[in-house]
Amino acid sequence: MDSEPHGRLDALQSDPYPHYERARDTEGLARVDELDAWLVARDADVREVLRRPEDFSSANALVPDVMPSPAALAVLGGGFGGRPVVVTADGDLHQRLRAPIVRGLSPSRVAAVLPYAAERAAALVDGFVKDGRVELMSAYARKLPGDVIGRIVGLDPADVPAVVHGGHRAEELLFRPLVESEQVAAAEDVVAMQHILDRLVRERHAEPREDLCGELVASLTGPGELTLEHRHELVAHLQNLLIAGHLTTTALIGTTVLHLLRHRDQWELLCAEPERIPAAVEEAARYDSALQGFRRVSTRPVTLAGTELPSGTTVFVAFGGANRDGARHPRPDTFDITRPPVRHLAFGHGVHSCPGAQLAREQLTLTLQELTSRLPGLRLAHGQSVTMRPTMIHRSPQRLHLTC
């Protein structure tokens, strides 16, 4: 992708909300060239697409914005993966891939990891509480979710930093314009992560354990031999799960703290009345969703919002647009943790709804409990200009400098 179109895409992704508003005000659907898709931004229309997976396939959900160079692709060829994953699968394959993840992220499994998550959250805050300042994304938001999902999956804690780093590099490689040398370096980091995951798969096949990797290995390979194809499939599955499990929650922590501190009255209300934390979690997820949306492709000629779409048409299903739809959420552009609860789409809807939604909510709840109780004077650093990462998949501040 050349620089000018990518610049326009960056501008849209950095602040997509004006585009959503125009799309909602347009009769039918709006065509958005930067996304190379029809934009679906009304709550009712988004829900309709998500209720019709047989008409709107997920096959293109992770189509990259930037195709890696041949040199980077050659490096990736030495890794594992490249197989269907739950986010891009449909029908019976989707159900087969999703079932062990749902079991692995069951309410009891999430409850079991919460004491560890609380311990890690407190320890991370211990690391900066006396400093008087912190860059929250690097010191906290990029660490807690990786530690927690790593624990659930069964990773050795020593491997978590490399796996988290590999996840960030995979996102960069597919969604950021990098020069070839940087693409190759990113691909090497991704492959290093994949080899760690392959080692974990082989260990769990040899010695099963009660963790999510063990659940996946048992579900997808059965009692027989672990083939090379199994290893590719399991690494692809684990990579997708881990990236979804830490990058999205990292983003959600960053945007939540940002908007609470930008709305000082809301932050102070939360400090005074911590029983409002669950409502604050929902409002933050609605107001500035970490996962702004996914692409879908029509499997047959369909009509949506009065717009006729031929078979093979790409639509961008904007959860973030639906969550600012005044037809469902009164005063949609107002951040208000006291608003009556209304079901939002920050974690999707239907067969592809996020199986890790409760885990993300719990980590955000723990974060707000820690910060409001220990650092009620937390503020955005004076003079800081907060830049949002230009992405529709993990929307968050690039950096978040705070004074304690």
# chains A, B, ... in the order shown; residues from 1 in each chain; ligands from 1
>>> closest_atom_pairs(of="segment 75-173 of chain A", to="segment 229-240 of chain A", cutoff="7 Å", atoms="only C-alpha atoms", output="JSON lines")
{"residue": "A:Phe80", "atom": "CA", "partner": "A:His232", "partner_atom": "CA", "distance": 5.0}
{"residue": "A:Gly81", "atom": "CA", "partner": "A:Ala236", "partner_atom": "CA", "distance": 4.1}
{"residue": "A:Gly82", "atom": "CA", "partner": "A:Ala236", "partner_atom": "CA", "distance": 6.1}
{"residue": "A:Arg83", "atom": "CA", "partner": "A:Glu233", "partner_atom": "CA", "distance": 5.5}
{"residue": "A:Val85", "atom": "CA", "partner": "A:His237", "partner_atom": "CA", "distance": 5.4}
>>> residues_around(residues="segment 20-30 of chain A", least_positions_apart="4", cutoff="7 Å", atoms="only C-alpha atoms", output="VMD selection string")
chain A and resid 16 38 to 42 305 to 307 321
>>> select_by_dssp(residues="segment 136-363 of chain A", states="strand (DSSP E or B)", output="PyMOL selection string")
chain A and resi 293-298+302-304+307-309+314-318
>>> residues_around(residues="segment 127-130 of chain A", least_positions_apart="2", cutoff="8 Å", atoms="only C-alpha atoms", output="short mmCIF file (atom, residue, chain, number, x, y, z; two decimals) with all heavy atoms, in the first residue's frame")
data_model
loop_
_atom_site.label_atom_id
_atom_site.label_comp_id
_atom_site.auth_asym_id
_atom_site.auth_seq_id
_atom_site.Cartn_x
_atom_site.Cartn_y
_atom_site.Cartn_z
N ALA A 123 1.30 -5.87 42.05
CA ALA A 123 2.76 -5.81 41.92
C ALA A 123 3.18 -4.80 40.86
O ALA A 123 4.19 -4.08 41.04
CB ALA A 123 3.30 -7.20 41.56
N LEU A 124 2.44 -4.72 39.77
CA LEU A 124 2.77 -3.75 38.72
C LEU A 124 2.58 -2.32 39.22
O LEU A 124 3.40 -1.44 38.93
CB LEU A 124 1.93 -4.01 37.47
CG LEU A 124 2.28 -5.28 36.69
CD1 LEU A 124 1.21 -5.58 35.64
CD2 LEU A 124 3.65 -5.15 36.02
N VAL A 125 1.52 -2.08 39.98
CA VAL A 125 1.31 -0.74 40.56
C VAL A 125 2.41 -0.44 41.58
O VAL A 125 2.92 0.68 41.67
CB VAL A 125 -0.10 -0.61 41.17
CG1 VAL A 125 -0.24 0.74 41.88
CG2 VAL A 125 -1.16 -0.73 40.07
N GLY A 132 5.83 8.96 41.35
CA GLY A 132 5.21 10.24 41.05
C GLY A 132 4.78 10.39 39.61
O GLY A 132 4.11 11.34 39.25
N ARG A 133 5.18 9.44 38.77
CA ARG A 133 4.79 9.49 37.36
C ARG A 133 4.90 8.09 36.77
O ARG A 133 5.63 7.24 37.30
CB ARG A 133 5.66 10.47 36.57
CG ARG A 133 7.12 10.06 36.51
CD ARG A 133 7.97 11.13 35.84
NE ARG A 133 9.35 10.67 35.68
CZ ARG A 133 10.28 10.72 36.62
NH1 ARG A 133 9.97 11.20 37.83
NH2 ARG A 133 11.50 10.29 36.39
N VAL A 134 4.19 7.87 35.65
CA VAL A 134 4.25 6.57 34.99
C VAL A 134 3.77 6.71 33.56
O VAL A 134 2.92 7.55 33.26
CB VAL A 134 3.37 5.53 35.74
CG1 VAL A 134 1.89 5.92 35.69
CG2 VAL A 134 3.57 4.13 35.16
N ALA A 139 4.27 0.34 31.39
CA ALA A 139 4.53 -0.11 32.76
C ALA A 139 3.44 -1.03 33.29
O ALA A 139 3.68 -1.80 34.24
CB ALA A 139 4.66 1.09 33.69
N LEU A 375 -4.25 5.37 44.06
CA LEU A 375 -3.77 6.59 43.40
C LEU A 375 -4.95 7.50 43.01
O LEU A 375 -5.13 7.83 41.84
CB LEU A 375 -2.97 6.22 42.15
CG LEU A 375 -1.66 5.46 42.40
CD1 LEU A 375 -1.14 4.84 41.11
CD2 LEU A 375 -0.60 6.40 42.99
N CYS A 404 1.22 10.72 39.40
CA CYS A 404 0.56 9.99 40.49
C CYS A 404 0.26 10.94 41.65
O CYS A 404 1.11 11.17 42.49
CB CYS A 404 1.44 8.84 40.95
SG CYS A 404 1.87 7.70 39.61
#
>>> closest_atom_pairs(of="segment 244-269 of chain A", to="segment 289-296 of chain A", cutoff="8 Å", atoms="only C-alpha atoms", output="JSON lines")
{"residue": "A:Thr248", "atom": "CA", "partner": "A:Ala290", "partner_atom": "CA", "distance": 6.0}
{"residue": "A:Thr249", "atom": "CA", "partner": "A:Ala290", "partner_atom": "CA", "distance": 7.8}
{"residue": "A:Ala251", "atom": "CA", "partner": "A:Ala290", "partner_atom": "CA", "distance": 5.6}
{"residue": "A:Leu252", "atom": "CA", "partner": "A:Ala290", "partner_atom": "CA", "distance": 5.3}
{"residue": "A:Thr255", "atom": "CA", "partner": "A:Ala290", "partner_atom": "CA", "distance": 7.7}
>>> write_last_selection(atoms="N, CA, C and O atoms", output="PDB file, in the first residue's frame")
ATOM      1  N   THR A 248      -6.117  -6.844  23.015  1.00  0.00           N
ATOM      2  CA  THR A 248      -7.415  -6.182  23.174  1.00  0.00           C
ATOM      3  C   THR A 248      -7.586  -5.659  24.595  1.00  0.00           C
ATOM      4  O   THR A 248      -8.061  -4.535  24.799  1.00  0.00           O
ATOM      5  N   THR A 249      -7.178  -6.452  25.584  1.00  0.00           N
ATOM      6  CA  THR A 249      -7.318  -6.011  26.974  1.00  0.00           C
ATOM      7  C   THR A 249      -6.351  -4.878  27.288  1.00  0.00           C
ATOM      8  O   THR A 249      -6.702  -3.931  28.008  1.00  0.00           O
ATOM      9  N   ALA A 251      -5.467  -2.608  25.187  1.00  0.00           N
ATOM     10  CA  ALA A 251      -6.108  -1.428  24.602  1.00  0.00           C
ATOM     11  C   ALA A 251      -7.243  -0.924  25.485  1.00  0.00           C
ATOM     12  O   ALA A 251      -7.394   0.286  25.710  1.00  0.00           O
ATOM     13  N   LEU A 252      -8.046  -1.843  25.989  1.00  0.00           N
ATOM     14  CA  LEU A 252      -9.192  -1.462  26.808  1.00  0.00           C
ATOM     15  C   LEU A 252      -8.758  -0.783  28.106  1.00  0.00           C
ATOM     16  O   LEU A 252      -9.371   0.201  28.544  1.00  0.00           O
ATOM     17  N   THR A 255      -7.628   2.908  27.057  1.00  0.00           N
ATOM     18  CA  THR A 255      -8.697   3.856  26.727  1.00  0.00           C
ATOM     19  C   THR A 255      -9.562   4.153  27.950  1.00  0.00           C
ATOM     20  O   THR A 255     -10.012   5.286  28.128  1.00  0.00           O
TER      21      THR A 255
END
>>> closest_residue(among="A:Ala285, A:Ala206, A:Ile243, A:Leu35", to="Asp10 of chain A", atoms="only C-alpha atoms")
A:Leu35
>>> select_by_dssp(residues="segment 162-357 of chain A", states="helix (DSSP H, G or I)", output="VMD selection string")
chain A and resid 162 to 175 180 to 206 212 to 221 228 to 262 264 to 272 274 to 287 319 to 322 350 to 352 357
>>> closest_residue(among="A:Leu220, A:Leu364, A:Leu136, A:Leu380", to="Ala118 of chain A", atoms="only C-alpha atoms")
A:Leu364
>>> residues_around(residues="Leu173 of chain A", least_positions_apart="2", cutoff="8 Å", atoms="only C-alpha atoms", output="ChimeraX atom specification")
/A:66,68,169-171,175-178,183,186-187
>>> residues_around(residues="Gly166 of chain A", least_positions_apart="6", cutoff="6 Å", atoms="only C-alpha atoms", output="MDAnalysis selection string")
chainID A and resid 189:190 193
>>> residues_around(residues="segment 90-106 of chain A", least_positions_apart="4", cutoff="6 Å", atoms="only C-alpha atoms", output="PDB file with C-alpha atoms, in the first residue's frame")
ATOM      1  CA  VAL A  86     -11.610 -19.132  15.106  1.00  0.00           C
ATOM      2  CA  LEU A 212      -5.990 -24.049  27.921  1.00  0.00           C
ATOM      3  CA  LEU A 216      -6.743 -27.348  22.738  1.00  0.00           C
ATOM      4  CA  PRO A 355     -15.238 -15.824  24.493  1.00  0.00           C
TER       5      PRO A 355
END
>>> decode(residues="segment 244-292 of chain A", atoms="N, CA and C atoms", output="PDB file, in the first residue's frame")
ATOM      1  N   ALA A 244      -5.403 -11.988  20.725  1.00  0.00           N
ATOM      2  CA  ALA A 244      -6.711 -11.465  21.127  1.00  0.00           C
ATOM      3  C   ALA A 244      -6.775 -11.296  22.636  1.00  0.00           C
ATOM      4  N   GLY A 245      -6.135 -12.214  23.364  1.00  0.00           N
ATOM      5  CA  GLY A 245      -6.227 -12.205  24.813  1.00  0.00           C
ATOM      6  C   GLY A 245      -5.438 -11.111  25.482  1.00  0.00           C
ATOM      7  N   HIS A 246      -4.354 -10.643  24.864  1.00  0.00           N
ATOM      8  CA  HIS A 246      -3.612  -9.568  25.544  1.00  0.00           C
ATOM      9  C   HIS A 246      -3.706  -8.223  24.837  1.00  0.00           C
ATOM     10  N   LEU A 247      -3.660  -8.168  23.508  1.00  0.00           N
ATOM     11  CA  LEU A 247      -3.678  -6.863  22.849  1.00  0.00           C
ATOM     12  C   LEU A 247      -5.001  -6.124  23.074  1.00  0.00           C
ATOM     13  N   THR A 248      -6.117  -6.844  23.015  1.00  0.00           N
ATOM     14  CA  THR A 248      -7.415  -6.182  23.174  1.00  0.00           C
ATOM     15  C   THR A 248      -7.586  -5.659  24.595  1.00  0.00           C
ATOM     16  N   THR A 249      -7.178  -6.452  25.584  1.00  0.00           N
ATOM     17  CA  THR A 249      -7.318  -6.011  26.974  1.00  0.00           C
ATOM     18  C   THR A 249      -6.351  -4.878  27.288  1.00  0.00           C
ATOM     19  N   THR A 250      -5.147  -4.940  26.736  1.00  0.00           N
ATOM     20  CA  THR A 250      -4.209  -3.818  26.864  1.00  0.00           C
ATOM     21  C   THR A 250      -4.843  -2.530  26.359  1.00  0.00           C
ATOM     22  N   ALA A 251      -5.467  -2.608  25.187  1.00  0.00           N
ATOM     23  CA  ALA A 251      -6.108  -1.428  24.602  1.00  0.00           C
ATOM     24  C   ALA A 251      -7.243  -0.924  25.485  1.00  0.00           C
ATOM     25  N   LEU A 252      -8.046  -1.843  25.989  1.00  0.00           N
ATOM     26  CA  LEU A 252      -9.192  -1.462  26.808  1.00  0.00           C
ATOM     27  C   LEU A 252      -8.758  -0.783  28.106  1.00  0.00           C
ATOM     28  N   ILE A 253      -7.691  -1.279  28.725  1.00  0.00           N
ATOM     29  CA  ILE A 253      -7.170  -0.630  29.930  1.00  0.00           C
ATOM     30  C   ILE A 253      -6.742   0.803  29.607  1.00  0.00           C
ATOM     31  N   GLY A 254      -6.019   0.977  28.499  1.00  0.00           N
ATOM     32  CA  GLY A 254      -5.525   2.303  28.140  1.00  0.00           C
ATOM     33  C   GLY A 254      -6.630   3.300  27.864  1.00  0.00           C
ATOM     34  N   THR A 255      -7.628   2.908  27.057  1.00  0.00           N
ATOM     35  CA  THR A 255      -8.697   3.856  26.727  1.00  0.00           C
ATOM     36  C   THR A 255      -9.562   4.153  27.950  1.00  0.00           C
ATOM     37  N   THR A 256      -9.787   3.165  28.793  1.00  0.00           N
ATOM     38  CA  THR A 256     -10.619   3.389  29.981  1.00  0.00           C
ATOM     39  C   THR A 256      -9.985   4.406  30.914  1.00  0.00           C
ATOM     40  N   VAL A 257      -8.709   4.224  31.229  1.00  0.00           N
ATOM     41  CA  VAL A 257      -8.040   5.177  32.120  1.00  0.00           C
ATOM     42  C   VAL A 257      -7.975   6.559  31.477  1.00  0.00           C
ATOM     43  N   LEU A 258      -7.689   6.610  30.183  1.00  0.00           N
ATOM     44  CA  LEU A 258      -7.640   7.894  29.479  1.00  0.00           C
ATOM     45  C   LEU A 258      -8.952   8.660  29.629  1.00  0.00           C
ATOM     46  N   HIS A 259     -10.084   8.009  29.341  1.00  0.00           N
ATOM     47  CA  HIS A 259     -11.353   8.744  29.352  1.00  0.00           C
ATOM     48  C   HIS A 259     -11.808   9.077  30.768  1.00  0.00           C
ATOM     49  N   LEU A 260     -11.519   8.234  31.731  1.00  0.00           N
ATOM     50  CA  LEU A 260     -11.854   8.580  33.111  1.00  0.00           C
ATOM     51  C   LEU A 260     -11.070   9.805  33.573  1.00  0.00           C
ATOM     52  N   LEU A 261      -9.787   9.881  33.215  1.00  0.00           N
ATOM     53  CA  LEU A 261      -8.983  11.020  33.647  1.00  0.00           C
ATOM     54  C   LEU A 261      -9.292  12.281  32.845  1.00  0.00           C
ATOM     55  N   ARG A 262      -9.757  12.120  31.629  1.00  0.00           N
ATOM     56  CA  ARG A 262     -10.203  13.291  30.855  1.00  0.00           C
ATOM     57  C   ARG A 262     -11.508  13.851  31.405  1.00  0.00           C
ATOM     58  N   HIS A 263     -12.278  13.012  32.068  1.00  0.00           N
ATOM     59  CA  HIS A 263     -13.550  13.430  32.666  1.00  0.00           C
ATOM     60  C   HIS A 263     -13.356  13.357  34.187  1.00  0.00           C
ATOM     61  N   ARG A 264     -12.735  14.412  34.726  1.00  0.00           N
ATOM     62  CA  ARG A 264     -12.275  14.379  36.124  1.00  0.00           C
ATOM     63  C   ARG A 264     -13.402  14.079  37.103  1.00  0.00           C
ATOM     64  N   ASP A 265     -14.608  14.621  36.827  1.00  0.00           N
ATOM     65  CA  ASP A 265     -15.726  14.386  37.737  1.00  0.00           C
ATOM     66  C   ASP A 265     -16.062  12.896  37.813  1.00  0.00           C
ATOM     67  N   GLN A 266     -15.919  12.198  36.681  1.00  0.00           N
ATOM     68  CA  GLN A 266     -16.230  10.769  36.657  1.00  0.00           C
ATOM     69  C   GLN A 266     -15.171   9.970  37.426  1.00  0.00           C
ATOM     70  N   TRP A 267     -13.907  10.364  37.276  1.00  0.00           N
ATOM     71  CA  TRP A 267     -12.833   9.709  38.012  1.00  0.00           C
ATOM     72  C   TRP A 267     -13.046   9.881  39.519  1.00  0.00           C
ATOM     73  N   GLU A 268     -13.360  11.097  39.934  1.00  0.00           N
ATOM     74  CA  GLU A 268     -13.544  11.357  41.361  1.00  0.00           C
ATOM     75  C   GLU A 268     -14.770  10.640  41.906  1.00  0.00           C
ATOM     76  N   LEU A 269     -15.821  10.542  41.101  1.00  0.00           N
ATOM     77  CA  LEU A 269     -17.001   9.777  41.502  1.00  0.00           C
ATOM     78  C   LEU A 269     -16.640   8.312  41.711  1.00  0.00           C
ATOM     79  N   LEU A 270     -15.809   7.773  40.815  1.00  0.00           N
ATOM     80  CA  LEU A 270     -15.411   6.374  40.913  1.00  0.00           C
ATOM     81  C   LEU A 270     -14.543   6.138  42.148  1.00  0.00           C
ATOM     82  N   CYS A 271     -13.670   7.084  42.452  1.00  0.00           N
ATOM     83  CA  CYS A 271     -12.844   6.962  43.661  1.00  0.00           C
ATOM     84  C   CYS A 271     -13.712   6.991  44.922  1.00  0.00           C
ATOM     85  N   ALA A 272     -14.744   7.849  44.913  1.00  0.00           N
ATOM     86  CA  ALA A 272     -15.618   7.980  46.077  1.00  0.00           C
ATOM     87  C   ALA A 272     -16.599   6.822  46.189  1.00  0.00           C
ATOM     88  N   GLU A 273     -17.001   6.253  45.042  1.00  0.00           N
ATOM     89  CA  GLU A 273     -18.025   5.208  45.029  1.00  0.00           C
ATOM     90  C   GLU A 273     -17.532   4.032  44.161  1.00  0.00           C
ATOM     91  N   PRO A 274     -16.611   3.224  44.694  1.00  0.00           N
ATOM     92  CA  PRO A 274     -16.022   2.151  43.884  1.00  0.00           C
ATOM     93  C   PRO A 274     -17.024   1.084  43.451  1.00  0.00           C
ATOM     94  N   GLU A 275     -18.202   1.071  44.068  1.00  0.00           N
ATOM     95  CA  GLU A 275     -19.224   0.117  43.609  1.00  0.00           C
ATOM     96  C   GLU A 275     -19.689   0.428  42.190  1.00  0.00           C
ATOM     97  N   ARG A 276     -19.317   1.597  41.677  1.00  0.00           N
ATOM     98  CA  ARG A 276     -19.655   1.957  40.292  1.00  0.00           C
ATOM     99  C   ARG A 276     -18.665   1.388  39.273  1.00  0.00           C
ATOM    100  N   ILE A 277     -17.632   0.706  39.713  1.00  0.00           N
ATOM    101  CA  ILE A 277     -16.599   0.225  38.784  1.00  0.00           C
ATOM    102  C   ILE A 277     -17.182  -0.671  37.685  1.00  0.00           C
ATOM    103  N   PRO A 278     -18.064  -1.644  37.984  1.00  0.00           N
ATOM    104  CA  PRO A 278     -18.611  -2.457  36.878  1.00  0.00           C
ATOM    105  C   PRO A 278     -19.326  -1.621  35.820  1.00  0.00           C
ATOM    106  N   ALA A 279     -20.068  -0.603  36.234  1.00  0.00           N
ATOM    107  CA  ALA A 279     -20.742   0.274  35.266  1.00  0.00           C
ATOM    108  C   ALA A 279     -19.724   1.076  34.469  1.00  0.00           C
ATOM    109  N   ALA A 280     -18.633   1.486  35.123  1.00  0.00           N
ATOM    110  CA  ALA A 280     -17.586   2.236  34.419  1.00  0.00           C
ATOM    111  C   ALA A 280     -16.912   1.367  33.364  1.00  0.00           C
ATOM    112  N   VAL A 281     -16.723   0.097  33.675  1.00  0.00           N
ATOM    113  CA  VAL A 281     -16.134  -0.843  32.711  1.00  0.00           C
ATOM    114  C   VAL A 281     -17.013  -0.913  31.462  1.00  0.00           C
ATOM    115  N   GLU A 282     -18.322  -1.057  31.648  1.00  0.00           N
ATOM    116  CA  GLU A 282     -19.225  -1.175  30.500  1.00  0.00           C
ATOM    117  C   GLU A 282     -19.268   0.116  29.696  1.00  0.00           C
ATOM    118  N   GLU A 283     -19.294   1.260  30.386  1.00  0.00           N
ATOM    119  CA  GLU A 283     -19.359   2.525  29.664  1.00  0.00           C
ATOM    120  C   GLU A 283     -18.078   2.783  28.883  1.00  0.00           C
ATOM    121  N   ALA A 284     -16.936   2.452  29.476  1.00  0.00           N
ATOM    122  CA  ALA A 284     -15.670   2.642  28.762  1.00  0.00           C
ATOM    123  C   ALA A 284     -15.605   1.753  27.527  1.00  0.00           C
ATOM    124  N   ALA A 285     -16.065   0.511  27.665  1.00  0.00           N
ATOM    125  CA  ALA A 285     -16.064  -0.403  26.522  1.00  0.00           C
ATOM    126  C   ALA A 285     -16.993   0.091  25.423  1.00  0.00           C
ATOM    127  N   ARG A 286     -18.132   0.643  25.803  1.00  0.00           N
ATOM    128  CA  ARG A 286     -19.078   1.174  24.816  1.00  0.00           C
ATOM    129  C   ARG A 286     -18.529   2.433  24.149  1.00  0.00           C
ATOM    130  N   TYR A 287     -18.022   3.342  24.950  1.00  0.00           N
ATOM    131  CA  TYR A 287     -17.687   4.682  24.477  1.00  0.00           C
ATOM    132  C   TYR A 287     -16.535   4.683  23.475  1.00  0.00           C
ATOM    133  N   ASP A 288     -15.533   3.835  23.716  1.00  0.00           N
ATOM    134  CA  ASP A 288     -14.357   3.821  22.835  1.00  0.00           C
ATOM    135  C   ASP A 288     -13.847   2.384  22.749  1.00  0.00           C
ATOM    136  N   SER A 289     -14.552   1.582  21.975  1.00  0.00           N
ATOM    137  CA  SER A 289     -14.320   0.130  21.955  1.00  0.00           C
ATOM    138  C   SER A 289     -12.921  -0.197  21.449  1.00  0.00           C
ATOM    139  N   ALA A 290     -12.261  -1.115  22.155  1.00  0.00           N
ATOM    140  CA  ALA A 290     -10.907  -1.531  21.741  1.00  0.00           C
ATOM    141  C   ALA A 290     -10.944  -2.182  20.371  1.00  0.00           C
ATOM    142  N   LEU A 291     -11.903  -3.084  20.172  1.00  0.00           N
ATOM    143  CA  LEU A 291     -12.085  -3.727  18.868  1.00  0.00           C
ATOM    144  C   LEU A 291     -13.154  -2.942  18.121  1.00  0.00           C
ATOM    145  N   GLN A 292     -12.735  -2.065  17.219  1.00  0.00           N
ATOM    146  CA  GLN A 292     -13.677  -1.191  16.527  1.00  0.00           C
ATOM    147  C   GLN A 292     -14.564  -1.944  15.541  1.00  0.00           C
TER     148      GLN A 292
END
